[in-house]
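Next up, structure_4.json (JSON, C-alpha atoms):
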[["chain", "number", "residue", "atom", "x", "y", "z"],
["J", 1056, "MET", "CA", 53.08, 0.34, 10.95],
["J", 1057, "LYS", "CA", 49.66, 1.80, 10.14],
["J", 1058, "ARG", "CA", 48.43, -1.72, 9.23],
["J", 1059, "LYS", "CA", 49.73, -3.15, 12.51],
["J", 1060, "PHE", "CA", 47.92, -0.47, 14.50],
["J", 1061, "ARG", "CA", 44.72, -1.10, 12.53],
["J", 1062, "LEU", "CA", 45.05, -4.85, 13.09],
["J", 1063, "LEU", "CA", 45.57, -4.46, 16.83],
["J", 1064, "SER", "CA", 42.84, -1.86, 17.28],
["J", 1065, "SER", "CA", 40.27, -3.83, 15.27],
["J", 1066, "THR", "CA", 41.06, -7.02, 17.17],
["J", 1067, "LEU", "CA", 40.70, -5.25, 20.50],
["J", 1068, "ALA", "CA", 37.49, -3.52, 19.40],
["J", 1069, "PHE", "CA", 35.82, -6.73, 18.23],
["J", 1070, "SER", "CA", 36.92, -8.74, 21.24],
["J", 1071, "SER", "CA", 35.64, -6.09, 23.65],
["J", 1072, "LEU", "CA", 32.13, -6.89, 22.43],
["J", 1073, "PHE", "CA", 32.37, -10.26, 24.16],
["J", 1074, "PRO", "CA", 33.20, -9.76, 27.83],
["J", 1075, "SER", "CA", 33.25, -13.36, 29.01],
["J", 1076, "CYS", "CA", 36.69, -14.90, 28.88],
["J", 1077, "VAL", "CA", 37.67, -18.53, 28.78],
["J", 1078, "VAL", "CA", 41.00, -20.06, 29.73],
["J", 1079, "ASN", "CA", 43.51, -17.24, 29.15],
["J", 1080, "HIS", "CA", 42.00, -15.24, 26.29],
["J", 1081, "CYS", "CA", 38.66, -13.77, 25.31],
["J", 1082, "THR", "CA", 36.20, -15.74, 23.24],
["J", 1083, "ASN", "CA", 37.96, -15.17, 19.94],
["J", 1084, "TYR", "CA", 38.99, -18.79, 19.62],
["J", 1085, "ILE", "CA", 39.59, -20.40, 16.22],
["J", 1086, "VAL", "CA", 36.46, -21.57, 14.42],
["J", 1087, "PRO", "CA", 36.79, -23.97, 11.46],
["J", 1088, "GLY", "CA", 34.97, -23.28, 8.21],
["J", 1089, "HIS", "CA", 35.11, -21.54, 4.85],
["J", 1090, "PHE", "CA", 35.63, -17.77, 4.92],
["J", 1091, "GLU", "CA", 35.81, -15.14, 2.18],
["J", 1092, "GLY", "CA", 36.88, -11.51, 2.08],
["J", 1093, "THR", "CA", 38.46, -8.70, 0.09],
["J", 1094, "ASP", "CA", 41.59, -6.65, 0.59],
["J", 1095, "ALA", "CA", 40.78, -3.60, 2.71],
["J", 1096, "GLU", "CA", 42.71, -1.33, 0.34],
["J", 1097, "ASP", "CA", 41.73, -2.94, -2.99],
["J", 1098, "GLU", "CA", 38.28, -4.54, -2.98],
["J", 1099, "THR", "CA", 38.87, -6.05, -6.41],
["J", 1100, "ARG", "CA", 41.26, -8.54, -4.76],
["J", 1101, "ARG", "CA", 39.27, -11.48, -3.34],
["J", 1102, "PHE", "CA", 40.55, -14.09, -0.90],
["J", 1103, "SER", "CA", 39.39, -17.31, 0.71],
["J", 1104, "LEU", "CA", 40.40, -18.93, 3.97],
["J", 1105, "ASP", "CA", 39.61, -22.54, 4.81],
["J", 1106, "ILE", "CA", 40.23, -23.74, 8.35],
["J", 1107, "LEU", "CA", 39.96, -27.45, 9.15],
["J", 1108, "PRO", "CA", 40.48, -29.27, 12.45],
["J", 1109, "ILE", "CA", 43.41, -31.68, 12.51],
["J", 1110, "ASP", "CA", 44.88, -33.99, 15.13],
["J", 1111, "GLU", "CA", 48.21, -33.57, 16.87],
["J", 1112, "GLY", "CA", 49.89, -36.04, 14.50],
["J", 1113, "ASP", "CA", 48.92, -33.94, 11.47],
["J", 1114, "LEU", "CA", 50.07, -30.80, 13.31],
["J", 1115, "LEU", "CA", 53.52, -32.29, 13.93],
["J", 1116, "ALA", "CA", 53.79, -33.72, 10.40],
["J", 1117, "ALA", "CA", 53.13, -30.26, 8.89],
["J", 1118, "GLU", "CA", 56.26, -28.90, 10.62],
["J", 1119, "GLY", "CA", 54.65, -25.48, 11.11],
["J", 1120, "LEU", "CA", 53.45, -24.98, 7.53],
["J", 1121, "ASN", "CA", 49.86, -23.68, 7.38],
["J", 1122, "VAL", "CA", 48.88, -25.01, 10.81],
["J", 1123, "VAL", "CA", 48.04, -23.41, 14.14],
["J", 1124, "SER", "CA", 47.22, -24.53, 17.68],
["J", 1125, "ASP", "CA", 44.37, -22.67, 19.36],
["J", 1126, "THR", "CA", 45.64, -20.90, 22.48],
["J", 1127, "VAL", "CA", 42.13, -20.60, 23.90],
["J", 1128, "ARG", "CA", 40.89, -24.17, 23.50],
["J", 1129, "GLU", "CA", 43.83, -26.32, 24.47],
["J", 1130, "GLY", "CA", 44.42, -29.37, 22.30],
["J", 1131, "MET", "CA", 42.62, -27.96, 19.24],
["J", 1132, "HIS", "CA", 44.75, -27.75, 16.10],
["J", 1133, "TYR", "CA", 43.89, -26.52, 12.61],
["J", 1134, "SER", "CA", 45.17, -26.48, 9.06],
["J", 1135, "LEU", "CA", 44.88, -23.26, 7.06],
["J", 1136, "ASP", "CA", 44.41, -22.74, 3.34],
["J", 1137, "PHE", "CA", 44.73, -19.03, 2.49],
["J", 1138, "ARG", "CA", 44.25, -18.21, -1.20],
["J", 1139, "GLU", "CA", 43.79, -15.26, -3.50],
["J", 1140, "ILE", "CA", 40.98, -15.81, -6.00],
["J", 1141, "LEU", "CA", 42.01, -14.38, -9.37],
["J", 1142, "LEU", "CA", 39.59, -12.92, -11.91],
["J", 1143, "ASP", "CA", 39.78, -16.05, -14.08],
["J", 1144, "GLY", "CA", 38.76, -18.23, -11.11],
["J", 1145, "SER", "CA", 42.20, -19.70, -10.51],
["J", 1146, "THR", "CA", 43.84, -19.30, -7.11],
["J", 1147, "ILE", "CA", 47.23, -18.55, -5.59],
["J", 1148, "ARG", "CA", 48.02, -20.11, -2.21],
["J", 1149, "TYR", "CA", 49.94, -18.14, 0.41],
["J", 1150, "ASP", "CA", 51.65, -19.90, 3.30],
["J", 1151, "PHE", "CA", 51.86, -19.26, 7.00],
["J", 1152, "ILE", "CA", 55.07, -20.59, 8.53],
["J", 1153, "GLY", "CA", 55.23, -21.22, 12.28],
["J", 1154, "LEU", "CA", 52.09, -19.43, 13.51],
["J", 1155, "GLU", "CA", 52.31, -18.82, 17.26],
["J", 1156, "ASP", "CA", 50.48, -16.85, 19.94],
["J", 1157, "ALA", "CA", 51.50, -13.23, 19.37],
["J", 1158, "TYR", "CA", 50.72, -11.95, 22.87],
["J", 1159, "ASN", "CA", 51.00, -14.89, 25.27],
["J", 1160, "SER", "CA", 49.35, -13.10, 28.16],
["J", 1161, "LYS", "CA", 46.14, -13.51, 30.11],
["J", 1162, "GLY", "CA", 43.14, -11.40, 29.25],
["J", 1163, "THR", "CA", 44.30, -10.30, 25.82],
["J", 1164, "PRO", "CA", 42.57, -11.33, 22.59],
["J", 1165, "ALA", "CA", 44.13, -14.32, 20.86],
["J", 1166, "ALA", "CA", 46.16, -13.39, 17.78],
["J", 1167, "TYR", "CA", 48.79, -15.35, 15.91],
["J", 1168, "ARG", "CA", 51.94, -14.22, 14.09],
["J", 1169, "ASP", "CA", 54.18, -16.35, 11.89],
["J", 1170, "SER", "CA", 57.93, -16.29, 11.27],
["J", 1171, "GLN", "CA", 57.40, -13.93, 8.30],
["J", 1172, "LYS", "CA", 55.48, -11.49, 10.57],
["J", 1173, "ASN", "CA", 52.11, -12.26, 8.95],
["J", 1174, "TRP", "CA", 49.09, -12.08, 11.26],
["J", 1175, "LEU", "CA", 45.97, -14.24, 11.71],
["J", 1176, "CYS", "CA", 43.38, -12.88, 14.14],
["J", 1177, "PRO", "CA", 40.10, -14.54, 15.10],
["J", 1178, "MET", "CA", 37.65, -11.69, 15.71],
["J", 1179, "GLY", "CA", 34.25, -11.52, 17.30],
["J", 1180, "THR", "CA", 33.49, -15.23, 17.46],
["J", 1181, "ASP", "CA", 29.88, -15.82, 18.46],
["J", 1182, "SER", "CA", 30.34, -18.59, 21.01],
["J", 1183, "LEU", "CA", 26.60, -19.40, 21.07],
["J", 1184, "ASP", "CA", 26.13, -20.12, 17.36],
["J", 1185, "ILE", "CA", 29.51, -20.48, 15.64],
["J", 1186, "ASP", "CA", 28.01, -22.14, 12.56],
["J", 1187, "ARG", "CA", 25.60, -19.30, 11.78],
["J", 1188, "LYS", "CA", 26.68, -17.58, 8.56],
["J", 1189, "GLY", "CA", 28.37, -14.28, 9.22],
["J", 1190, "SER", "CA", 28.87, -14.99, 12.93],
["J", 1191, "SER", "CA", 32.60, -15.73, 12.80],
["J", 1192, "PHE", "CA", 35.27, -13.36, 11.52],
["J", 1193, "TYR", "CA", 39.01, -13.29, 10.87],
["J", 1194, "SER", "CA", 41.52, -10.71, 9.79],
["J", 1195, "ILE", "CA", 44.77, -11.46, 8.03],
["J", 1196, "ASP", "CA", 47.61, -9.01, 7.57],
["J", 1197, "TYR", "CA", 49.93, -10.67, 5.06],
["J", 1198, "GLU", "CA", 53.10, -9.05, 3.77],
["J", 1199, "ALA", "CA", 55.16, -11.98, 2.45],
["J", 1200, "ASP", "CA", 55.44, -13.64, -0.96],
["J", 1201, "GLY", "CA", 55.49, -10.26, -2.73],
["J", 1202, "ILE", "CA", 52.01, -9.18, -1.64],
["J", 1203, "ASP", "CA", 50.77, -6.72, 0.96],
["J", 1204, "VAL", "CA", 47.13, -7.27, 1.90],
["J", 1205, "TYR", "CA", 44.86, -6.75, 4.86],
["J", 1206, "VAL", "CA", 41.74, -8.91, 4.60],
["J", 1207, "TYR", "CA", 38.62, -9.17, 6.77],
["J", 1208, "PHE", "CA", 36.94, -12.58, 6.42],
["J", 1209, "LYS", "CA", 33.48, -13.77, 7.37],
["J", 1210, "ASN", "CA", 32.11, -17.30, 7.17],
["J", 1211, "VAL", "CA", 29.95, -17.95, 4.14]]
Go through the file and emit its structure as structure tokens.
Amino acid sequence: MKRKFRLLSSTLAFSSLFPSCVVNHCTNYIVPGHFEGTDAEDETRRFSLDILPIDEGDLLAAEGLNVVSDTVREGMHYSLDFREILLDGSTIRYDFIGLEDAYNSKGTPAAYRDSQKNWLCPMGTDSLDIDRKGSSFYSIDYEADGIDVYVYFKNV
């Protein structure tokens, strides 16, 4: 429960920095790219997150596995590759299954939850220069597949 509160409060805090809203959510829309971060409770655990735009056909073909539709920018769909980077350089992939809008209400920050209750939250997206390194952030709270991590990501 403590993690859920931290996730919600950090998402709200970051999104409050950007007062202009678009469509039905604040500016924390999904930004593609390569992101890296460490577990908030164990900084020796490193993770990567790759987000790539896909078309609607690819979205449907994935059947909800590691894909998400942006609730802010209608018609934008993305594939996700969330991995833990082990000390030897190998990786373990963790899956999101059926990510959907967690809040579905106007004026709230966009956040997504999957069928396993894992969270993906875009945070503090800089709508003026989304490609600038360090300008886009995500948090993931993942408690499936035998792990329990809370990771802040920034684009690198």
Using Å and a single decimal, report how far CA of Ser1103 in chain J sits from CA of Phe1137 in chain J.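 CA of Phe1137 in chain J sits 5.9 Å away from CA of Ser1103 in chain J.
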Taking the point (42.7, -26.8, 6.8) as given in the file, collect each protein or nucleic acid residue that comes within 6 Å of it, counting all atoms listed in the file, and present the set as a list in words. Asp1105, Ile1106, Leu1107, Tyr1133, Ser1134, Leu1135 and Asp1136 of chain J
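For the pair CA of Tyr1084 in chain J and CA of Ala1117 in chain J, the separation is 21.1 Å.
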At a cut-off of 8 Å around the point (53.3, -15.2, 15.2) (file coordinates), what residues fall inside when counting only C-alpha atoms? I'd like the answer as a VMD selection string. chain J and resid 1153 to 1157 1166 to 1170 1172 to 1174
Take the selection from the previous step and output its residues with C-alpha atoms, as a PDB file, in the frame of the given file.
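Now in selection16.pdb:
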ATOM      1  CA  GLY J1153      55.230 -21.220  12.280  1.00  0.00           C
ATOM      2  CA  LEU J1154      52.090 -19.430  13.510  1.00  0.00           C
ATOM      3  CA  GLU J1155      52.310 -18.820  17.260  1.00  0.00           C
ATOM      4  CA  ASP J1156      50.480 -16.850  19.940  1.00  0.00           C
ATOM      5  CA  ALA J1157      51.500 -13.230  19.370  1.00  0.00           C
ATOM      6  CA  ALA J1166      46.160 -13.390  17.780  1.00  0.00           C
ATOM      7  CA  TYR J1167      48.790 -15.350  15.910  1.00  0.00           C
ATOM      8  CA  ARG J1168      51.940 -14.220  14.090  1.00  0.00           C
ATOM      9  CA  ASP J1169      54.180 -16.350  11.890  1.00  0.00           C
ATOM     10  CA  SER J1170      57.930 -16.290  11.270  1.00  0.00           C
ATOM     11  CA  LYS J1172      55.480 -11.490  10.570  1.00  0.00           C
ATOM     12  CA  ASN J1173      52.110 -12.260   8.950  1.00  0.00           C
ATOM     13  CA  TRP J1174      49.090 -12.080  11.260  1.00  0.00           C
TER      14      TRP J1174
END
Please provide the set of residues having any atom within 9 Å of range 1089-1093 of chain J, restricted to all atoms listed in the file, with same-chain residues fewer than 5 positions apart removed, written as an MDAnalysis selection string. chainID J and resid 1098:1107 1191:1193 1204:1211
For Glu1111 in chain J, please output as a list of chain:residue names all residues within 10 Å (counting only C-alpha atoms; exclusion window: fewer than 2 positions along the same chain). J:Pro1108, J:Ile1109, J:Asp1113, J:Leu1114, J:Leu1115, J:Ala1116, J:Ala1117, J:Ser1124, J:Gly1130, J:Met1131, J:His1132, J:Tyr1133
CA of Pro1164 in chain J to CA of Gly1201 in chain J, straight-line distance in Å: 28.4 Å
Size and centre in Å, one decimal, axis-aligned box, all listed range 1119-1125 of chain J atoms plus 3 Å per side, as lines of an AutoDock Vina configuration file:
center_x = 49.5
center_y = -24.1
center_z = 13.4
size_x = 16.3
size_y = 8.8
size_z = 18.0
Have a look at J:Ala1199, J:Asp1125, J:Asn1083, J:Asp1094 and name the one nearest to Glu1139 in chain J; count only C-alpha atoms.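 Among the listed residues, J:Asp1094 lies closest to Glu1139 in chain J.
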Which one is closest to Asn1159 in chain J: J:Val1127, J:Leu1142, J:Val1122, J:Leu1175? Count all atoms listed in the file.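 Ranking J:Val1127, J:Leu1142, J:Val1122, J:Leu1175 by distance to Asn1159 in chain J, first place goes to J:Val1127.
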